[in-house]
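Asks: Just dropping this structure here.
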Amino acid sequence: LNDGIATPFVTLFLLVVAASAFGRGIDQSEDQTKARLLWEQAIAAKGGRDQLHTVRSLVMSYEETVRNFLGIVVHRGHVERLYVFPDKSWEWDDGLPPPFRLTIRSLDIEHDVRCYFYEGASAPTCKRATDSSEAEESLTQIQYLYLMETKWVKPIPYDVSVERIGFKKVDVVHTRFSDKRVSYWLDRKTHLPMRVALFYGTVDKPRLTIDLSEYANVAGIQMPQKQKRGRISFQINPDYDIQIFSRLSVPAGPKAWRRTKA
């Protein structure tokens, strides 16, 4: 008798669970479809996938301002970075106040070497690039943060939400790339990123968040000219000196990466 009574309830329970799972599956599928559509809108707004996939190198420049707890400026310094995808970078970094010093860094994954040259040192310090997992990450990070998608970096959109930045309602596209999650807060009119956040694993607190604004056309691609409150500039596919990755020099200055015309 007990088995006879229980069976209909068990069947009904299983049907409810199945229907609930089916409903969640539909919701997830709809969110994923919407995320992909919003991603395509953003890629088109940036300049289009074909244009983005022509990016082979990128220079980023900005002035770093450091303030103390009273808000008083204690240091201003120039930061300039050259990225040659998929495996090289060079950086001039004068963004930190004393006792830190101006630092030049180079990375060449192809030849498995990364070097640091501190102002006042007699020679650079070099190590194997493969000894650090951060080496390759710096090259991929610059691509998904500022370009969104390139020939080498292609985040996969999987979910979408609606949030606010200040009083402005924005669409947020959540993507996966490698072992990371990258979320993009998109302006509903321009479809360009107003904010980008990087998450690792299942942790909900972002490892890195940047706010972007004042977009301008740079070699056919919409690039931000402002990050948070500071100005930032980009050059796409500039002429550069291939020897810069093995020739670090403080006297050469932050524009040493430029190729000298004969």
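Residue numbering restarts at 1 in every chain; chains get A, B, ... in the order shown in the structure tokens, and ligands count up from 1 in that same order.
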I'd like to know which residues of stretch 192-231 of chain A are strand (DSSP E) (by DSSP, run on the backbone); could you write them as an mmCIF file with all heavy atoms, in the first residue's frame?

Replies:
data_model
loop_
_atom_site.group_PDB
_atom_site.id
_atom_site.type_symbol
_atom_site.label_atom_id
_atom_site.label_comp_id
_atom_site.auth_asym_id
_atom_site.auth_seq_id
_atom_site.Cartn_x
_atom_site.Cartn_y
_atom_site.Cartn_z
ATOM 1 N N PRO A 193 32.849 49.596 -24.044
ATOM 2 C CA PRO A 193 33.044 49.334 -22.618
ATOM 3 C C PRO A 193 33.266 50.602 -21.799
ATOM 4 O O PRO A 193 34.140 51.403 -22.115
ATOM 5 C CB PRO A 193 34.291 48.442 -22.584
ATOM 6 C CG PRO A 193 34.389 47.846 -23.951
ATOM 7 C CD PRO A 193 33.867 48.912 -24.875
ATOM 8 N N MET A 194 32.472 50.750 -20.750
ATOM 9 C CA MET A 194 32.681 51.817 -19.785
ATOM 10 C C MET A 194 33.495 51.313 -18.598
ATOM 11 O O MET A 194 34.115 52.094 -17.882
ATOM 12 C CB MET A 194 31.333 52.335 -19.281
ATOM 13 C CG MET A 194 30.456 52.968 -20.344
ATOM 14 S SD MET A 194 28.827 53.428 -19.696
ATOM 15 C CE MET A 194 29.274 54.627 -18.434
ATOM 16 N N ARG A 195 33.452 50.002 -18.405
ATOM 17 C CA ARG A 195 34.196 49.385 -17.304
ATOM 18 C C ARG A 195 34.526 47.954 -17.709
ATOM 19 O O ARG A 195 33.737 47.287 -18.394
ATOM 20 C CB ARG A 195 33.371 49.402 -16.021
ATOM 21 C CG ARG A 195 33.992 48.697 -14.823
ATOM 22 C CD ARG A 195 33.138 48.876 -13.582
ATOM 23 N NE ARG A 195 33.102 50.290 -13.169
ATOM 24 C CZ ARG A 195 32.226 50.792 -12.306
ATOM 25 N NH1 ARG A 195 31.296 50.003 -11.769
ATOM 26 N NH2 ARG A 195 32.256 52.066 -11.986
ATOM 27 N N VAL A 196 35.702 47.494 -17.289
ATOM 28 C CA VAL A 196 36.101 46.106 -17.517
ATOM 29 C C VAL A 196 36.628 45.562 -16.199
ATOM 30 O O VAL A 196 37.419 46.227 -15.519
ATOM 31 C CB VAL A 196 37.189 45.980 -18.607
ATOM 32 C CG1 VAL A 196 37.493 44.498 -18.875
ATOM 33 C CG2 VAL A 196 36.749 46.662 -19.899
ATOM 34 N N ALA A 197 36.181 44.361 -15.819
ATOM 35 C CA ALA A 197 36.622 43.749 -14.567
ATOM 36 C C ALA A 197 37.129 42.341 -14.828
ATOM 37 O O ALA A 197 36.567 41.601 -15.637
ATOM 38 C CB ALA A 197 35.485 43.724 -13.545
ATOM 39 N N LEU A 198 38.191 41.986 -14.132
ATOM 40 C CA LEU A 198 38.831 40.688 -14.287
ATOM 41 C C LEU A 198 38.647 39.862 -13.016
ATOM 42 O O LEU A 198 38.907 40.338 -11.911
ATOM 43 C CB LEU A 198 40.326 40.893 -14.568
ATOM 44 C CG LEU A 198 41.236 39.666 -14.521
ATOM 45 C CD1 LEU A 198 40.852 38.678 -15.615
ATOM 46 C CD2 LEU A 198 42.696 40.094 -14.667
ATOM 47 N N PHE A 199 38.185 38.623 -13.178
ATOM 48 C CA PHE A 199 37.959 37.708 -12.059
ATOM 49 C C PHE A 199 38.749 36.420 -12.295
ATOM 50 O O PHE A 199 38.890 35.978 -13.433
ATOM 51 C CB PHE A 199 36.477 37.346 -11.927
ATOM 52 C CG PHE A 199 35.557 38.518 -11.765
ATOM 53 C CD1 PHE A 199 35.131 39.244 -12.877
ATOM 54 C CD2 PHE A 199 35.103 38.891 -10.507
ATOM 55 C CE1 PHE A 199 34.263 40.329 -12.731
ATOM 56 C CE2 PHE A 199 34.236 39.968 -10.360
ATOM 57 C CZ PHE A 199 33.825 40.687 -11.468
ATOM 58 N N TYR A 200 39.221 35.827 -11.195
ATOM 59 C CA TYR A 200 39.921 34.552 -11.285
ATOM 60 C C TYR A 200 39.095 33.463 -10.606
ATOM 61 O O TYR A 200 38.566 33.676 -9.504
ATOM 62 C CB TYR A 200 41.296 34.632 -10.633
ATOM 63 C CG TYR A 200 42.361 35.218 -11.526
ATOM 64 C CD1 TYR A 200 42.507 36.592 -11.655
ATOM 65 C CD2 TYR A 200 43.211 34.395 -12.260
ATOM 66 C CE1 TYR A 200 43.476 37.134 -12.482
ATOM 67 C CE2 TYR A 200 44.189 34.927 -13.094
ATOM 68 C CZ TYR A 200 44.314 36.292 -13.195
ATOM 69 O OH TYR A 200 45.263 36.838 -14.028
ATOM 70 N N LEU A 208 40.958 42.959 -10.809
ATOM 71 C CA LEU A 208 41.306 44.234 -11.432
ATOM 72 C C LEU A 208 40.053 44.843 -12.053
ATOM 73 O O LEU A 208 39.260 44.134 -12.676
ATOM 74 C CB LEU A 208 42.369 44.011 -12.514
ATOM 75 C CG LEU A 208 42.724 45.200 -13.415
ATOM 76 C CD1 LEU A 208 43.432 46.282 -12.599
ATOM 77 C CD2 LEU A 208 43.591 44.757 -14.576
ATOM 78 N N THR A 209 39.865 46.149 -11.877
ATOM 79 C CA THR A 209 38.754 46.870 -12.493
ATOM 80 C C THR A 209 39.280 48.170 -13.087
ATOM 81 O O THR A 209 40.019 48.905 -12.419
ATOM 82 C CB THR A 209 37.649 47.195 -11.465
ATOM 83 O OG1 THR A 209 37.163 45.983 -10.892
ATOM 84 C CG2 THR A 209 36.493 47.920 -12.136
ATOM 85 N N ILE A 210 38.913 48.454 -14.342
ATOM 86 C CA ILE A 210 39.305 49.722 -14.963
ATOM 87 C C ILE A 210 38.059 50.401 -15.532
ATOM 88 O O ILE A 210 37.159 49.740 -16.042
ATOM 89 C CB ILE A 210 40.356 49.530 -16.072
ATOM 90 C CG1 ILE A 210 39.829 48.608 -17.191
ATOM 91 C CG2 ILE A 210 41.646 48.966 -15.506
ATOM 92 C CD1 ILE A 210 40.758 48.518 -18.386
ATOM 93 N N ASP A 211 37.991 51.717 -15.401
ATOM 94 C CA ASP A 211 36.915 52.519 -15.977
ATOM 95 C C ASP A 211 37.464 53.263 -17.182
ATOM 96 O O ASP A 211 38.516 53.906 -17.098
ATOM 97 C CB ASP A 211 36.367 53.512 -14.950
ATOM 98 C CG ASP A 211 35.573 52.819 -13.853
ATOM 99 O OD1 ASP A 211 35.012 51.743 -14.124
ATOM 100 O OD2 ASP A 211 35.534 53.345 -12.720
ATOM 101 N N LEU A 212 36.729 53.193 -18.298
ATOM 102 C CA LEU A 212 37.197 53.749 -19.568
ATOM 103 C C LEU A 212 36.181 54.729 -20.133
ATOM 104 O O LEU A 212 34.966 54.536 -19.992
ATOM 105 C CB LEU A 212 37.430 52.613 -20.575
ATOM 106 C CG LEU A 212 38.340 51.474 -20.103
ATOM 107 C CD1 LEU A 212 38.304 50.324 -21.084
ATOM 108 C CD2 LEU A 212 39.764 51.975 -19.915
ATOM 109 N N SER A 213 36.668 55.774 -20.820
ATOM 110 C CA SER A 213 35.761 56.763 -21.405
ATOM 111 C C SER A 213 36.477 57.552 -22.491
ATOM 112 O O SER A 213 37.665 57.362 -22.741
ATOM 113 C CB SER A 213 35.222 57.710 -20.321
ATOM 114 O OG SER A 213 36.281 58.404 -19.687
ATOM 115 N N GLU A 214 35.718 58.456 -23.118
ATOM 116 C CA GLU A 214 36.226 59.360 -24.157
ATOM 117 C C GLU A 214 36.935 58.605 -25.282
ATOM 118 O O GLU A 214 38.126 58.783 -25.522
ATOM 119 C CB GLU A 214 37.139 60.432 -23.550
ATOM 120 C CG GLU A 214 36.413 61.350 -22.574
ATOM 121 C CD GLU A 214 37.262 62.517 -22.104
ATOM 122 O OE1 GLU A 214 38.301 62.794 -22.744
ATOM 123 O OE2 GLU A 214 36.883 63.153 -21.101
ATOM 124 N N TYR A 215 36.176 57.791 -25.976
ATOM 125 C CA TYR A 215 36.735 56.982 -27.055
ATOM 126 C C TYR A 215 37.053 57.825 -28.287
ATOM 127 O O TYR A 215 36.380 58.817 -28.576
ATOM 128 C CB TYR A 215 35.755 55.869 -27.433
ATOM 129 C CG TYR A 215 35.800 54.688 -26.476
ATOM 130 C CD1 TYR A 215 35.118 54.725 -25.263
ATOM 131 C CD2 TYR A 215 36.538 53.545 -26.778
ATOM 132 C CE1 TYR A 215 35.161 53.657 -24.382
ATOM 133 C CE2 TYR A 215 36.591 52.467 -25.908
ATOM 134 C CZ TYR A 215 35.906 52.529 -24.719
ATOM 135 O OH TYR A 215 35.952 51.461 -23.854
ATOM 136 N N ALA A 216 38.098 57.403 -29.003
ATOM 137 C CA ALA A 216 38.493 58.061 -30.244
ATOM 138 C C ALA A 216 38.985 57.000 -31.222
ATOM 139 O O ALA A 216 39.443 55.921 -30.824
ATOM 140 C CB ALA A 216 39.593 59.092 -29.984
ATOM 141 N N ASN A 217 38.911 57.335 -32.506
ATOM 142 C CA ASN A 217 39.350 56.411 -33.547
ATOM 143 C C ASN A 217 40.878 56.400 -33.627
ATOM 144 O O ASN A 217 41.508 57.411 -33.865
ATOM 145 C CB ASN A 217 38.751 56.844 -34.895
ATOM 146 C CG ASN A 217 39.006 55.829 -35.989
ATOM 147 O OD1 ASN A 217 40.112 55.328 -36.162
ATOM 148 N ND2 ASN A 217 37.967 55.517 -36.747
ATOM 149 N N VAL A 218 41.445 55.212 -33.419
ATOM 150 C CA VAL A 218 42.901 55.031 -33.543
ATOM 151 C C VAL A 218 43.125 53.904 -34.547
ATOM 152 O O VAL A 218 42.850 52.746 -34.261
ATOM 153 C CB VAL A 218 43.546 54.666 -32.189
ATOM 154 C CG1 VAL A 218 45.056 54.471 -32.360
ATOM 155 C CG2 VAL A 218 43.257 55.736 -31.141
ATOM 156 N N ILE A 221 40.104 51.738 -34.974
ATOM 157 C CA ILE A 221 39.583 51.068 -33.784
ATOM 158 C C ILE A 221 39.275 52.105 -32.711
ATOM 159 O O ILE A 221 40.059 53.029 -32.482
ATOM 160 C CB ILE A 221 40.595 50.032 -33.254
ATOM 161 C CG1 ILE A 221 40.797 48.921 -34.292
ATOM 162 C CG2 ILE A 221 40.129 49.428 -31.931
ATOM 163 C CD1 ILE A 221 41.872 47.930 -33.939
ATOM 164 N N GLN A 222 38.131 51.973 -32.076
ATOM 165 C CA GLN A 222 37.746 52.885 -31.002
ATOM 166 C C GLN A 222 38.519 52.532 -29.731
ATOM 167 O O GLN A 222 38.363 51.457 -29.167
ATOM 168 C CB GLN A 222 36.240 52.799 -30.746
ATOM 169 C CG GLN A 222 35.376 53.351 -31.870
ATOM 170 C CD GLN A 222 35.557 54.853 -32.036
ATOM 171 O OE1 GLN A 222 35.611 55.605 -31.062
ATOM 172 N NE2 GLN A 222 35.648 55.296 -33.280
ATOM 173 N N MET A 223 39.363 53.474 -29.289
ATOM 174 C CA MET A 223 40.193 53.264 -28.103
ATOM 175 C C MET A 223 39.902 54.357 -27.073
ATOM 176 O O MET A 223 39.706 55.520 -27.428
ATOM 177 C CB MET A 223 41.676 53.291 -28.472
ATOM 178 C CG MET A 223 42.091 52.228 -29.481
ATOM 179 S SD MET A 223 41.874 50.535 -28.861
ATOM 180 C CE MET A 223 43.148 50.465 -27.583
ATOM 181 N N PRO A 224 39.883 54.011 -25.781
ATOM 182 C CA PRO A 224 39.627 55.021 -24.746
ATOM 183 C C PRO A 224 40.781 56.004 -24.634
ATOM 184 O O PRO A 224 41.952 55.633 -24.781
ATOM 185 C CB PRO A 224 39.487 54.177 -23.472
ATOM 186 C CG PRO A 224 40.304 52.950 -23.751
ATOM 187 C CD PRO A 224 40.118 52.674 -25.212
ATOM 188 N N GLN A 225 40.443 57.259 -24.371
ATOM 189 C CA GLN A 225 41.452 58.289 -24.158
ATOM 190 C C GLN A 225 41.532 58.684 -22.682
ATOM 191 O O GLN A 225 42.326 59.538 -22.306
ATOM 192 C CB GLN A 225 41.126 59.525 -25.000
ATOM 193 C CG GLN A 225 40.997 59.245 -26.486
ATOM 194 C CD GLN A 225 42.267 58.678 -27.087
ATOM 195 O OE1 GLN A 225 43.285 59.352 -27.159
ATOM 196 N NE2 GLN A 225 42.215 57.421 -27.530
ATOM 197 N N LYS A 226 40.687 58.030 -21.900
ATOM 198 C CA LYS A 226 40.673 58.337 -20.469
ATOM 199 C C LYS A 226 40.438 57.044 -19.695
ATOM 200 O O LYS A 226 39.568 56.249 -20.047
ATOM 201 C CB LYS A 226 39.564 59.359 -20.160
ATOM 202 C CG LYS A 226 39.687 60.021 -18.796
ATOM 203 C CD LYS A 226 38.672 61.153 -18.684
ATOM 204 C CE LYS A 226 38.803 61.875 -17.346
ATOM 205 N NZ LYS A 226 37.811 62.979 -17.234
ATOM 206 N N GLN A 227 41.251 56.839 -18.645
ATOM 207 C CA GLN A 227 41.075 55.708 -17.745
ATOM 208 C C GLN A 227 40.927 56.256 -16.341
ATOM 209 O O GLN A 227 41.827 56.916 -15.831
ATOM 210 C CB GLN A 227 42.258 54.748 -17.827
ATOM 211 C CG GLN A 227 42.123 53.542 -16.903
ATOM 212 C CD GLN A 227 43.153 52.478 -17.204
ATOM 213 O OE1 GLN A 227 43.373 52.114 -18.359
ATOM 214 N NE2 GLN A 227 43.796 51.951 -16.163
ATOM 215 N N GLY A 230 42.473 59.772 -15.398
ATOM 216 C CA GLY A 230 43.715 60.108 -16.077
ATOM 217 C C GLY A 230 43.645 59.927 -17.584
ATOM 218 O O GLY A 230 42.892 59.097 -18.088
ATOM 219 N N ARG A 231 44.450 60.702 -18.303
ATOM 220 C CA ARG A 231 44.532 60.578 -19.752
ATOM 221 C C ARG A 231 45.389 59.379 -20.125
ATOM 222 O O ARG A 231 46.336 59.028 -19.420
ATOM 223 C CB ARG A 231 45.130 61.838 -20.377
ATOM 224 C CG ARG A 231 44.497 63.149 -19.966
ATOM 225 C CD ARG A 231 43.028 63.219 -20.290
ATOM 226 N NE ARG A 231 42.747 63.025 -21.706
ATOM 227 C CZ ARG A 231 41.530 63.066 -22.237
ATOM 228 N NH1 ARG A 231 40.473 63.256 -21.464
ATOM 229 N NH2 ARG A 231 41.363 62.890 -23.527
#

Asks: Pick out the residues sitting within 10 Å of A:Thr150, and hand them over as an mmCIF file with N, CA, C and O atoms, in the first residue's frame; count only C-alpha atoms, and ignore anything fewer than 4 positions along from it in its own chain.

Replies:
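File out11.cif, as written:
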data_model
loop_
_atom_site.group_PDB
_atom_site.id
_atom_site.type_symbol
_atom_site.label_atom_id
_atom_site.label_comp_id
_atom_site.auth_asym_id
_atom_site.auth_seq_id
_atom_site.Cartn_x
_atom_site.Cartn_y
_atom_site.Cartn_z
ATOM 1 N N ARG A 49 35.533 42.938 -36.211
ATOM 2 C CA ARG A 49 36.463 41.834 -35.945
ATOM 3 C C ARG A 49 37.631 41.833 -36.925
ATOM 4 O O ARG A 49 38.774 41.589 -36.529
ATOM 5 N N ASP A 50 37.361 42.071 -38.186
ATOM 6 C CA ASP A 50 38.452 42.063 -39.171
ATOM 7 C C ASP A 50 39.515 43.097 -38.820
ATOM 8 O O ASP A 50 40.723 42.829 -38.926
ATOM 9 N N GLN A 51 39.069 44.292 -38.409
ATOM 10 C CA GLN A 51 40.019 45.349 -38.051
ATOM 11 C C GLN A 51 40.779 44.989 -36.772
ATOM 12 O O GLN A 51 41.997 45.192 -36.686
ATOM 13 N N LEU A 52 40.078 44.463 -35.789
ATOM 14 C CA LEU A 52 40.723 44.082 -34.532
ATOM 15 C C LEU A 52 41.776 42.998 -34.743
ATOM 16 O O LEU A 52 42.821 42.991 -34.091
ATOM 17 N N HIS A 53 41.508 42.099 -35.671
ATOM 18 C CA HIS A 53 42.438 40.998 -35.902
ATOM 19 C C HIS A 53 43.659 41.419 -36.724
ATOM 20 O O HIS A 53 44.563 40.608 -36.932
ATOM 21 N N THR A 54 43.691 42.675 -37.168
ATOM 22 C CA THR A 54 44.903 43.170 -37.848
ATOM 23 C C THR A 54 45.908 43.758 -36.867
ATOM 24 O O THR A 54 47.030 44.097 -37.255
ATOM 25 N N VAL A 55 45.507 43.892 -35.591
ATOM 26 C CA VAL A 55 46.406 44.479 -34.593
ATOM 27 C C VAL A 55 47.546 43.506 -34.298
ATOM 28 O O VAL A 55 47.327 42.387 -33.834
ATOM 29 N N ARG A 56 48.753 43.941 -34.560
ATOM 30 C CA ARG A 56 49.950 43.124 -34.314
ATOM 31 C C ARG A 56 50.793 43.711 -33.179
ATOM 32 O O ARG A 56 51.548 42.990 -32.533
ATOM 33 N N PHE A 85 52.476 41.407 -30.301
ATOM 34 C CA PHE A 85 51.771 40.147 -30.087
ATOM 35 C C PHE A 85 52.279 39.059 -31.030
ATOM 36 O O PHE A 85 52.655 39.354 -32.166
ATOM 37 N N THR A 140 48.451 38.966 -22.768
ATOM 38 C CA THR A 140 47.046 38.671 -23.067
ATOM 39 C C THR A 140 46.122 39.682 -22.388
ATOM 40 O O THR A 140 45.113 40.085 -22.959
ATOM 41 N N GLN A 143 45.248 42.829 -24.198
ATOM 42 C CA GLN A 143 44.367 42.617 -25.351
ATOM 43 C C GLN A 143 42.897 42.566 -24.934
ATOM 44 O O GLN A 143 42.055 43.241 -25.529
ATOM 45 N N TYR A 144 42.566 41.770 -23.906
ATOM 46 C CA TYR A 144 41.145 41.697 -23.556
ATOM 47 C C TYR A 144 40.659 42.922 -22.790
ATOM 48 O O TYR A 144 39.468 43.234 -22.805
ATOM 49 N N LYS A 154 40.400 35.617 -27.571
ATOM 50 C CA LYS A 154 38.989 35.602 -27.961
ATOM 51 C C LYS A 154 38.118 35.163 -26.789
ATOM 52 O O LYS A 154 37.806 33.983 -26.643
ATOM 53 N N PRO A 155 37.725 36.110 -25.926
ATOM 54 C CA PRO A 155 36.834 35.766 -24.814
ATOM 55 C C PRO A 155 35.508 35.198 -25.330
ATOM 56 O O PRO A 155 35.033 35.577 -26.405
#

Asks: Determine the nearest neighbour of A:Val59 from the options A:Ser106, A:Ser233, A:Gln32, A:Ser178, counting only C-alpha atoms.

Replies: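 When distances to A:Val59 are compared using only C-alpha atoms, the smallest one comes from A:Ser233.
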
Asks: Could the residues of stretch 119-162 of chain A that have an atom at most 9 Å from stretch 107-110 of chain A be listed as CSV, each with its closest atom pair and the distance in Å to one decimal, counting only C-alpha atoms and ordered by chain and ascending residue number?

Replies:
residue,atom,partner,partner_atom,distance
A:Arg128,CA,A:Ile109,CA,8.6
A:Ala129,CA,A:Ile109,CA,5.8
A:Thr130,CA,A:Ile109,CA,7.4
A:Ala135,CA,A:Leu107,CA,7.2
A:Glu136,CA,A:Ile109,CA,7.6

Asks: Give me a file of those residues, with C-alpha atoms, as a PDB file, in the first residue's frame.

Replies:
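Saved to result_0.pdb:
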ATOM      1  CA  ARG A 128      63.969  32.939 -18.224  1.00  0.00           C
ATOM      2  CA  ALA A 129      60.534  34.137 -19.285  1.00  0.00           C
ATOM      3  CA  THR A 130      59.002  30.718 -18.636  1.00  0.00           C
ATOM      4  CA  ALA A 135      54.953  36.994 -18.282  1.00  0.00           C
ATOM      5  CA  GLU A 136      52.447  35.716 -20.816  1.00  0.00           C
TER       6      GLU A 136
END

Asks: Given only C-alpha atoms as the basis, pick out the residue of A:Val170, A:Met60, A:Ile165, A:Ile104 nearest to A:Pro124.

Replies: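 Going through A:Val170, A:Met60, A:Ile165, A:Ile104 one by one, the smallest distance to A:Pro124 is for A:Ile104.
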
Asks: Grab the atom CA of A:Thr33 to atom CA of A:Met148 distance for me, in Å with one decimal place.

Replies: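 Going from atom CA of A:Thr33 over to atom CA of A:Met148, I get 18.3 Å.
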
Asks: Check the smallest atom-to-atom distance from each of A:Glu40, A:Asp159, A:Glu119, A:Glu64 to A:Arg101 using only C-alpha atoms, then report the winner.

Replies: A:Glu119

Asks: Just asking: which residues within stretch 35-206 of chain A are alpha helix (DSSP H) according to DSSP, as JSON, numbers by chain?

Replies: {"A": [35, 36, 37, 38, 39, 40, 41, 42, 43, 44, 45, 46, 49, 50, 51, 52, 134, 135, 136, 137, 138, 139, 140, 141, 142, 143, 144, 145, 146]}

Asks: I'd like the interatomic distance between atom CA of A:Val113 and atom CA of A:Asp131, to a tenth of an Å.

Replies: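 Atom CA of A:Asp131 lies at a distance of 9.3 Å from atom CA of A:Val113.
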